[in-house]
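Take a look at the structure below.
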Amino acid sequence: MKESVLEVPGARLHHFVRGSGPLLVLISGGHGDAGATEALATHLADRYTVLTYARRGLSGSTTDTPALTLATHADDLSHLLSSLTTEPAYVYGSSFGGLIALELTLRHPKQVGVVVAHEAPVTQLLPDPERAAAIQDFLTVEEIFATKGVAPALRWFATFLDIDPTDREPDNPVRTPGPEHFPNAAVLLTHDTPAIRAYTANLADLKNSPARVVLAAGEDSTHIWPNKCARLLAEHLGVPCEPFPGAHNAYTFHPRATATRLHEVLTA
């Protein structure tokens with residue numbers, strides 16, 4: 001595995017490359033850094049050259065200018081891909097990472113061969129009452145963060161996304177949070193959740209993208225609104241919504257099953 005730091009406008013991106021084969025980038029959701037996709041990358045490195053990274057402001061990816069929009073995150077990843085290949089890459093992102101994957105596809109379509117967006121919170125297709133409730137979930141977590149701090153805010157995230165850390169593959173141990181855990185979460189809650197609330201995808205361009213756009217949703221998370229976002233977006237684009245094992249955080253809790261299913265989708 002090769003560890004590097006790439007200078008991009010306003011930030012330095014800490015990233016890792018391992019394995020061999022076509023390039024596949026994994027984009028963590030929430031406040032996850034490269035470590036959040038570590039297990040998934042390990043299960044894919046026998047078939048792909050796997051790129052994992054920390055978004056600007058997280059862990060070793062230091063920044064002078066925090067990302068206030070999805071466009072900045074997408075442009076950062078575009079620079080990272082350009083440093084590694086001139087060919088279209090495979091892109092997988094979950095949750096907030098799924099939004100970044102979709103925005104990368106919109107802004108830099110020639111760099112993406114296949115994009116798999118797992119339960120990306122594209123709220124614009126939700127019926128109005130459900131969209132209002134989804135936006136309120138973010139407003140609530142931001143208010144809790146402002147008044148009570150990071151830990152209570154993260155508990156609210158886990159509540160509305162129905163995260164169950166005990167639902168995991170037996171040989172996938174619980175990761176012990178490191179010193180970067182709360183600072184990374186503070187970046188998410190300060191800058192990224194407002195960006196998610198404000199985000200509107202260009203659905204016409206996404207439908208006409210030269211990349212193959214795949215929407216994915218967890219088999220065990222059909223009761224939460226990000227899952228419905230995936231299903232509605234797939235319907236709008238006229239593509240199937242691919243079932244993935246587990247729930248919203250399956251890429252961290254069920255990395256082996258997620259790797260198997262992701263390989264099936266990418267090579268379909």
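Order determines the names: the first chain of the structure tokens is A, the second B, and so forth; residues in each chain are numbered 1 upward, and ligands are numbered 1 upward as they are shown.
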
Quiz prompt | strand (DSSP E or B) residues, from DSSP on the backbone, in region 118-249 of chain A, as a list in words | solution =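 So, restricting region 118-249 of chain A to strand (DSSP E or B), we get His118, Arg212, Val213, Val214, Leu215, Ala216, Ala217, Gly218, Cys241, Glu242, Pro243 and Phe244 of chain A.
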
Exercise. Would you kindly return, as a ChimeraX atom specification, each protein, DNA or RNA residue with an atom no farther than 12 Å from any atom of Leu104 (chain A), considering only C-alpha atoms and excluding same-chain residues fewer than 4 positions away?
Key: /A:25,27,70-81,88-93,97-100,108-117,201-202,205-206,209,211,213

Given the selection you just returned, output its residues as a file containing N, CA and C atoms, formatted as a compact mmCIF listing (two decimals), in the first residue's frame.
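What ended up in out_19.txt:
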# COMPACT_ATOMS: atom_id res chain seq x y z
N VAL A 25 -12.19 4.19 -6.69
CA VAL A 25 -12.09 5.07 -5.53
C VAL A 25 -13.29 4.83 -4.62
N ILE A 27 -15.42 6.38 -1.41
CA ILE A 27 -15.67 7.65 -0.73
C ILE A 27 -16.52 7.39 0.50
N LEU A 70 -20.63 20.89 -2.29
CA LEU A 70 -20.28 19.61 -2.88
C LEU A 70 -19.29 19.78 -4.02
N ALA A 71 -19.36 20.92 -4.70
CA ALA A 71 -18.47 21.15 -5.84
C ALA A 71 -17.01 21.10 -5.41
N THR A 72 -16.69 21.65 -4.26
CA THR A 72 -15.30 21.64 -3.78
C THR A 72 -14.83 20.21 -3.54
N HIS A 73 -15.67 19.42 -2.89
CA HIS A 73 -15.31 18.02 -2.65
C HIS A 73 -15.12 17.27 -3.98
N ALA A 74 -16.00 17.50 -4.93
CA ALA A 74 -15.90 16.83 -6.22
C ALA A 74 -14.64 17.26 -6.96
N ASP A 75 -14.30 18.55 -6.92
CA ASP A 75 -13.10 19.03 -7.58
C ASP A 75 -11.84 18.47 -6.92
N ASP A 76 -11.86 18.37 -5.58
CA ASP A 76 -10.73 17.75 -4.89
C ASP A 76 -10.49 16.34 -5.40
N LEU A 77 -11.57 15.57 -5.49
CA LEU A 77 -11.43 14.18 -5.95
C LEU A 77 -10.99 14.13 -7.41
N SER A 78 -11.45 15.07 -8.21
CA SER A 78 -11.01 15.14 -9.60
C SER A 78 -9.50 15.32 -9.69
N HIS A 79 -8.95 16.22 -8.88
CA HIS A 79 -7.50 16.42 -8.85
C HIS A 79 -6.78 15.13 -8.43
N LEU A 80 -7.36 14.45 -7.46
CA LEU A 80 -6.74 13.22 -6.97
C LEU A 80 -6.74 12.15 -8.06
N LEU A 81 -7.85 12.00 -8.76
CA LEU A 81 -7.92 11.02 -9.85
C LEU A 81 -6.94 11.39 -10.96
N PRO A 88 -11.06 6.72 -17.35
CA PRO A 88 -12.22 6.81 -16.45
C PRO A 88 -12.09 5.78 -15.32
N ALA A 89 -12.47 6.18 -14.13
CA ALA A 89 -12.34 5.33 -12.95
C ALA A 89 -13.70 4.80 -12.53
N TYR A 90 -13.65 3.73 -11.74
CA TYR A 90 -14.83 3.28 -11.00
C TYR A 90 -14.92 4.12 -9.73
N VAL A 91 -16.14 4.50 -9.37
CA VAL A 91 -16.34 5.36 -8.19
C VAL A 91 -17.46 4.78 -7.35
N TYR A 92 -17.18 4.58 -6.06
CA TYR A 92 -18.21 4.13 -5.11
C TYR A 92 -18.24 5.11 -3.95
N GLY A 93 -19.44 5.60 -3.64
CA GLY A 93 -19.61 6.46 -2.48
C GLY A 93 -20.88 6.11 -1.75
N GLY A 97 -20.76 10.45 0.91
CA GLY A 97 -19.83 10.05 -0.14
C GLY A 97 -20.52 9.77 -1.46
N GLY A 98 -21.76 9.29 -1.40
CA GLY A 98 -22.54 9.09 -2.62
C GLY A 98 -22.88 10.39 -3.31
N LEU A 99 -23.18 11.43 -2.52
CA LEU A 99 -23.42 12.75 -3.11
C LEU A 99 -22.17 13.26 -3.81
N ILE A 100 -21.01 13.09 -3.16
CA ILE A 100 -19.76 13.54 -3.79
C ILE A 100 -19.52 12.76 -5.08
N HIS A 108 -17.20 16.33 -13.70
CA HIS A 108 -16.03 15.77 -14.40
C HIS A 108 -16.40 14.42 -15.02
N PRO A 109 -17.37 14.42 -15.92
CA PRO A 109 -17.92 13.15 -16.42
C PRO A 109 -16.91 12.27 -17.13
N LYS A 110 -15.88 12.86 -17.74
CA LYS A 110 -14.91 12.05 -18.47
C LYS A 110 -14.00 11.25 -17.53
N GLN A 111 -14.02 11.57 -16.25
CA GLN A 111 -13.17 10.85 -15.31
C GLN A 111 -13.87 9.65 -14.68
N VAL A 112 -15.15 9.48 -14.99
CA VAL A 112 -15.95 8.44 -14.34
C VAL A 112 -16.43 7.43 -15.37
N GLY A 113 -16.12 6.16 -15.15
CA GLY A 113 -16.64 5.10 -16.00
C GLY A 113 -17.96 4.58 -15.47
N VAL A 114 -17.95 4.12 -14.23
CA VAL A 114 -19.16 3.68 -13.53
C VAL A 114 -19.17 4.33 -12.15
N VAL A 115 -20.30 4.89 -11.76
CA VAL A 115 -20.44 5.45 -10.43
C VAL A 115 -21.54 4.69 -9.70
N VAL A 116 -21.24 4.26 -8.48
CA VAL A 116 -22.22 3.59 -7.64
C VAL A 116 -22.46 4.47 -6.42
N ALA A 117 -23.66 5.02 -6.33
CA ALA A 117 -24.02 5.90 -5.22
C ALA A 117 -24.98 5.15 -4.30
N ALA A 201 -29.06 18.28 -7.13
CA ALA A 201 -28.35 17.66 -8.25
C ALA A 201 -28.99 18.07 -9.57
N ASN A 202 -28.17 18.20 -10.61
CA ASN A 202 -28.66 18.47 -11.96
C ASN A 202 -29.09 17.13 -12.56
N ASP A 205 -28.58 16.47 -16.46
CA ASP A 205 -27.21 16.12 -16.83
C ASP A 205 -26.83 14.74 -16.32
N LEU A 206 -27.33 14.39 -15.15
CA LEU A 206 -27.03 13.06 -14.61
C LEU A 206 -27.64 11.98 -15.49
N SER A 209 -25.53 11.55 -18.62
CA SER A 209 -24.10 11.40 -18.37
C SER A 209 -23.51 10.26 -19.21
N ALA A 211 -21.17 8.48 -18.17
CA ALA A 211 -20.85 7.44 -17.19
C ALA A 211 -22.08 6.57 -16.96
N VAL A 213 -24.46 5.29 -14.39
CA VAL A 213 -24.86 5.71 -13.06
C VAL A 213 -25.67 4.59 -12.41

Exercise. Would you kindly return, as a VMD selection string, each protein, DNA or RNA residue with an atom no farther than 10 Å from any atom of Lys2 (chain A), considering only C-alpha atoms and excluding same-chain residues fewer than 5 positions away?
Key: chain A and resid 15 to 19 51

Write out, as a Markdown table, each residue of region 32-62 of chain A that has an atom at most 10 Å from region 6-9 of chain A, together with the closest pair of atoms and their distance in Å to one decimal, counting only C-alpha atoms, rows going by chain and rising number.
| residue | atom | partner | partner_atom | distance |
| --- | --- | --- | --- | --- |
| A:Arg56 | CA | A:Val8 | CA | 9.6 |
| A:Ser61 | CA | A:Leu6 | CA | 8.9 |
| A:Thr62 | CA | A:Glu7 | CA | 9.8 |

Quiz item: Do you have the CA of Ala247 (chain A)-CA of Pro165 (chain A) distance handy?
Solution: 10.5 Å

Self-check item: DSSP helix (DSSP H, G or I) residues within region 181-236 of chain A, listed as a ChimeraX atom specification
Solution: /A:181-198,203-207,225-236

Take the residues from that selection and put them in a file with C-alpha atoms, as a CSV table (one decimal), in the first residue's frame.
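What landed in result38.csv:
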chain,number,residue,atom,x,y,z
A,181,HIS,CA,-13.0,11.2,15.6
A,182,PHE,CA,-14.6,14.2,17.2
A,183,PRO,CA,-12.6,16.9,15.2
A,184,ASN,CA,-13.7,15.1,12.0
A,185,ALA,CA,-17.3,15.0,13.2
A,186,ALA,CA,-17.1,18.8,13.9
A,187,VAL,CA,-16.1,19.4,10.3
A,188,LEU,CA,-19.1,17.4,9.1
A,189,LEU,CA,-21.5,19.2,11.4
A,190,THR,CA,-20.1,22.7,10.8
A,191,HIS,CA,-19.6,22.6,7.0
A,192,ASP,CA,-20.9,19.5,5.4
A,193,THR,CA,-24.4,19.0,6.7
A,194,PRO,CA,-25.4,22.6,5.6
A,195,ALA,CA,-23.9,21.7,2.2
A,196,ILE,CA,-26.0,18.6,2.0
A,197,ARG,CA,-29.2,20.5,3.0
A,198,ALA,CA,-28.5,23.1,0.2
A,203,LEU,CA,-30.9,15.5,-12.8
A,204,ALA,CA,-31.0,16.2,-16.5
A,205,ASP,CA,-27.2,16.1,-16.8
A,206,LEU,CA,-27.0,13.1,-14.6
A,207,LYS,CA,-29.5,11.3,-16.8
A,225,TRP,CA,-35.4,8.3,3.9
A,226,PRO,CA,-31.9,8.1,2.3
A,227,ASN,CA,-32.9,4.6,1.0
A,228,LYS,CA,-36.0,6.2,-0.5
A,229,CYS,CA,-33.9,8.9,-2.1
A,230,ALA,CA,-31.9,6.2,-3.9
A,231,ARG,CA,-35.0,4.4,-5.1
A,232,LEU,CA,-36.7,7.6,-6.3
A,233,LEU,CA,-33.5,8.8,-8.1
A,234,ALA,CA,-33.2,5.4,-9.8
A,235,GLU,CA,-36.8,5.6,-11.0
A,236,HIS,CA,-36.2,9.2,-12.2

List the neighbours of Ser20 (chain A) out to 8 Å using only C-alpha atoms; skip same-chain residues closer than 6 positions along the sequence, and give me the result as a PDB file with C-alpha atoms, in the first residue's frame.
ATOM      1  CA  ALA A  45      -7.602  -5.014  -3.607  1.00  0.00           C
ATOM      2  CA  ASP A  46      -7.264  -8.424  -5.294  1.00  0.00           C
ATOM      3  CA  ARG A  47      -9.363  -7.135  -8.210  1.00  0.00           C
ATOM      4  CA  TYR A  48      -8.851  -3.354  -8.272  1.00  0.00           C
ATOM      5  CA  THR A  49      -6.323  -0.641  -7.661  1.00  0.00           C
ATOM      6  CA  VAL A  50      -8.194   0.870  -4.725  1.00  0.00           C
TER       7      VAL A  50
END

Quiz item: Counting only C-alpha atoms, what is within 12 Å of Thr252 (chain A), bar same-chain residues fewer than 6 positions away, as a ChimeraX atom specification?
Solution: /A:26-30,32-43,93-95,163-169,172-175,245-246,258-259

Quiz item: CA of Pro152 (chain A) to CA of Ser59 (chain A): how many Å, to one decimal?
Solution: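 Interatomic distance, CA of Pro152 (chain A) to CA of Ser59 (chain A): 20.9 Å.
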
Quiz item: Could you name the residues that touch Glu219 (chain A) at 10 Å or less, counting only C-alpha atoms, but leaving out those on the same chain fewer than 2 positions away, as an NGL selection string?
Solution: :A and (216-217 or 221-223 or 227 or 242-248 or 250)

Selection export as a PDB file, in the first residue's frame, atoms kept: N, CA, C and O atoms:
ATOM      1  N   ALA A 216     -27.852   2.558  -5.493  1.00  0.00           N
ATOM      2  CA  ALA A 216     -27.871   1.384  -4.632  1.00  0.00           C
ATOM      3  C   ALA A 216     -28.552   1.716  -3.319  1.00  0.00           C
ATOM      4  O   ALA A 216     -28.461   2.848  -2.821  1.00  0.00           O
ATOM      5  N   ALA A 217     -29.209   0.717  -2.741  1.00  0.00           N
ATOM      6  CA  ALA A 217     -29.914   0.905  -1.474  1.00  0.00           C
ATOM      7  C   ALA A 217     -29.821  -0.373  -0.654  1.00  0.00           C
ATOM      8  O   ALA A 217     -29.852  -1.475  -1.196  1.00  0.00           O
ATOM      9  N   SER A 221     -32.536  -1.296   5.088  1.00  0.00           N
ATOM     10  CA  SER A 221     -32.749   0.108   5.485  1.00  0.00           C
ATOM     11  C   SER A 221     -33.877   0.751   4.694  1.00  0.00           C
ATOM     12  O   SER A 221     -33.877   1.963   4.483  1.00  0.00           O
ATOM     13  N   THR A 222     -34.843  -0.049   4.271  1.00  0.00           N
ATOM     14  CA  THR A 222     -35.923   0.479   3.433  1.00  0.00           C
ATOM     15  C   THR A 222     -36.815   1.464   4.191  1.00  0.00           C
ATOM     16  O   THR A 222     -37.594   2.187   3.572  1.00  0.00           O
ATOM     17  N   HIS A 223     -36.688   1.527   5.512  1.00  0.00           N
ATOM     18  CA  HIS A 223     -37.548   2.390   6.330  1.00  0.00           C
ATOM     19  C   HIS A 223     -36.969   3.769   6.546  1.00  0.00           C
ATOM     20  O   HIS A 223     -37.621   4.607   7.187  1.00  0.00           O
ATOM     21  N   ASN A 227     -32.629   5.771   1.877  1.00  0.00           N
ATOM     22  CA  ASN A 227     -32.931   4.618   1.037  1.00  0.00           C
ATOM     23  C   ASN A 227     -33.979   4.987  -0.008  1.00  0.00           C
ATOM     24  O   ASN A 227     -33.851   4.649  -1.194  1.00  0.00           O
ATOM     25  N   GLU A 242     -30.159  -0.905  -7.332  1.00  0.00           N
ATOM     26  CA  GLU A 242     -29.508  -2.173  -7.012  1.00  0.00           C
ATOM     27  C   GLU A 242     -29.544  -2.426  -5.504  1.00  0.00           C
ATOM     28  O   GLU A 242     -29.132  -1.582  -4.713  1.00  0.00           O
ATOM     29  N   PRO A 243     -30.040  -3.604  -5.094  1.00  0.00           N
ATOM     30  CA  PRO A 243     -30.025  -3.933  -3.666  1.00  0.00           C
ATOM     31  C   PRO A 243     -28.615  -4.276  -3.197  1.00  0.00           C
ATOM     32  O   PRO A 243     -27.887  -5.003  -3.877  1.00  0.00           O
ATOM     33  N   PHE A 244     -28.237  -3.731  -2.072  1.00  0.00           N
ATOM     34  CA  PHE A 244     -26.958  -4.031  -1.445  1.00  0.00           C
ATOM     35  C   PHE A 244     -27.212  -4.646  -0.076  1.00  0.00           C
ATOM     36  O   PHE A 244     -28.223  -4.358   0.564  1.00  0.00           O
ATOM     37  N   PRO A 245     -26.318  -5.501   0.383  1.00  0.00           N
ATOM     38  CA  PRO A 245     -26.532  -6.145   1.686  1.00  0.00           C
ATOM     39  C   PRO A 245     -26.476  -5.137   2.828  1.00  0.00           C
ATOM     40  O   PRO A 245     -25.822  -4.097   2.737  1.00  0.00           O
ATOM     41  N   GLY A 246     -27.202  -5.451   3.899  1.00  0.00           N
ATOM     42  CA  GLY A 246     -27.114  -4.637   5.095  1.00  0.00           C
ATOM     43  C   GLY A 246     -27.921  -3.360   5.031  1.00  0.00           C
ATOM     44  O   GLY A 246     -28.844  -3.214   4.230  1.00  0.00           O
ATOM     45  N   ALA A 247     -27.551  -2.435   5.896  1.00  0.00           N
ATOM     46  CA  ALA A 247     -28.290  -1.189   6.044  1.00  0.00           C
ATOM     47  C   ALA A 247     -27.438  -0.013   5.584  1.00  0.00           C
ATOM     48  O   ALA A 247     -26.573  -0.158   4.725  1.00  0.00           O
ATOM     49  N   HIS A 248     -27.667   1.156   6.175  1.00  0.00           N
ATOM     50  CA  HIS A 248     -27.062   2.381   5.648  1.00  0.00           C
ATOM     51  C   HIS A 248     -25.539   2.365   5.742  1.00  0.00           C
ATOM     52  O   HIS A 248     -24.858   2.850   4.839  1.00  0.00           O
ATOM     53  N   ALA A 250     -23.490  -0.275   5.753  1.00  0.00           N
ATOM     54  CA  ALA A 250     -23.014  -1.631   5.491  1.00  0.00           C
ATOM     55  C   ALA A 250     -21.581  -1.674   4.973  1.00  0.00           C
ATOM     56  O   ALA A 250     -20.884  -2.670   5.166  1.00  0.00           O
TER      57      ALA A 250
END

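The interatomic distance for the pair CA of Asp137 (chain A) and CA of His31 (chain A) works out to 16.5 Å.
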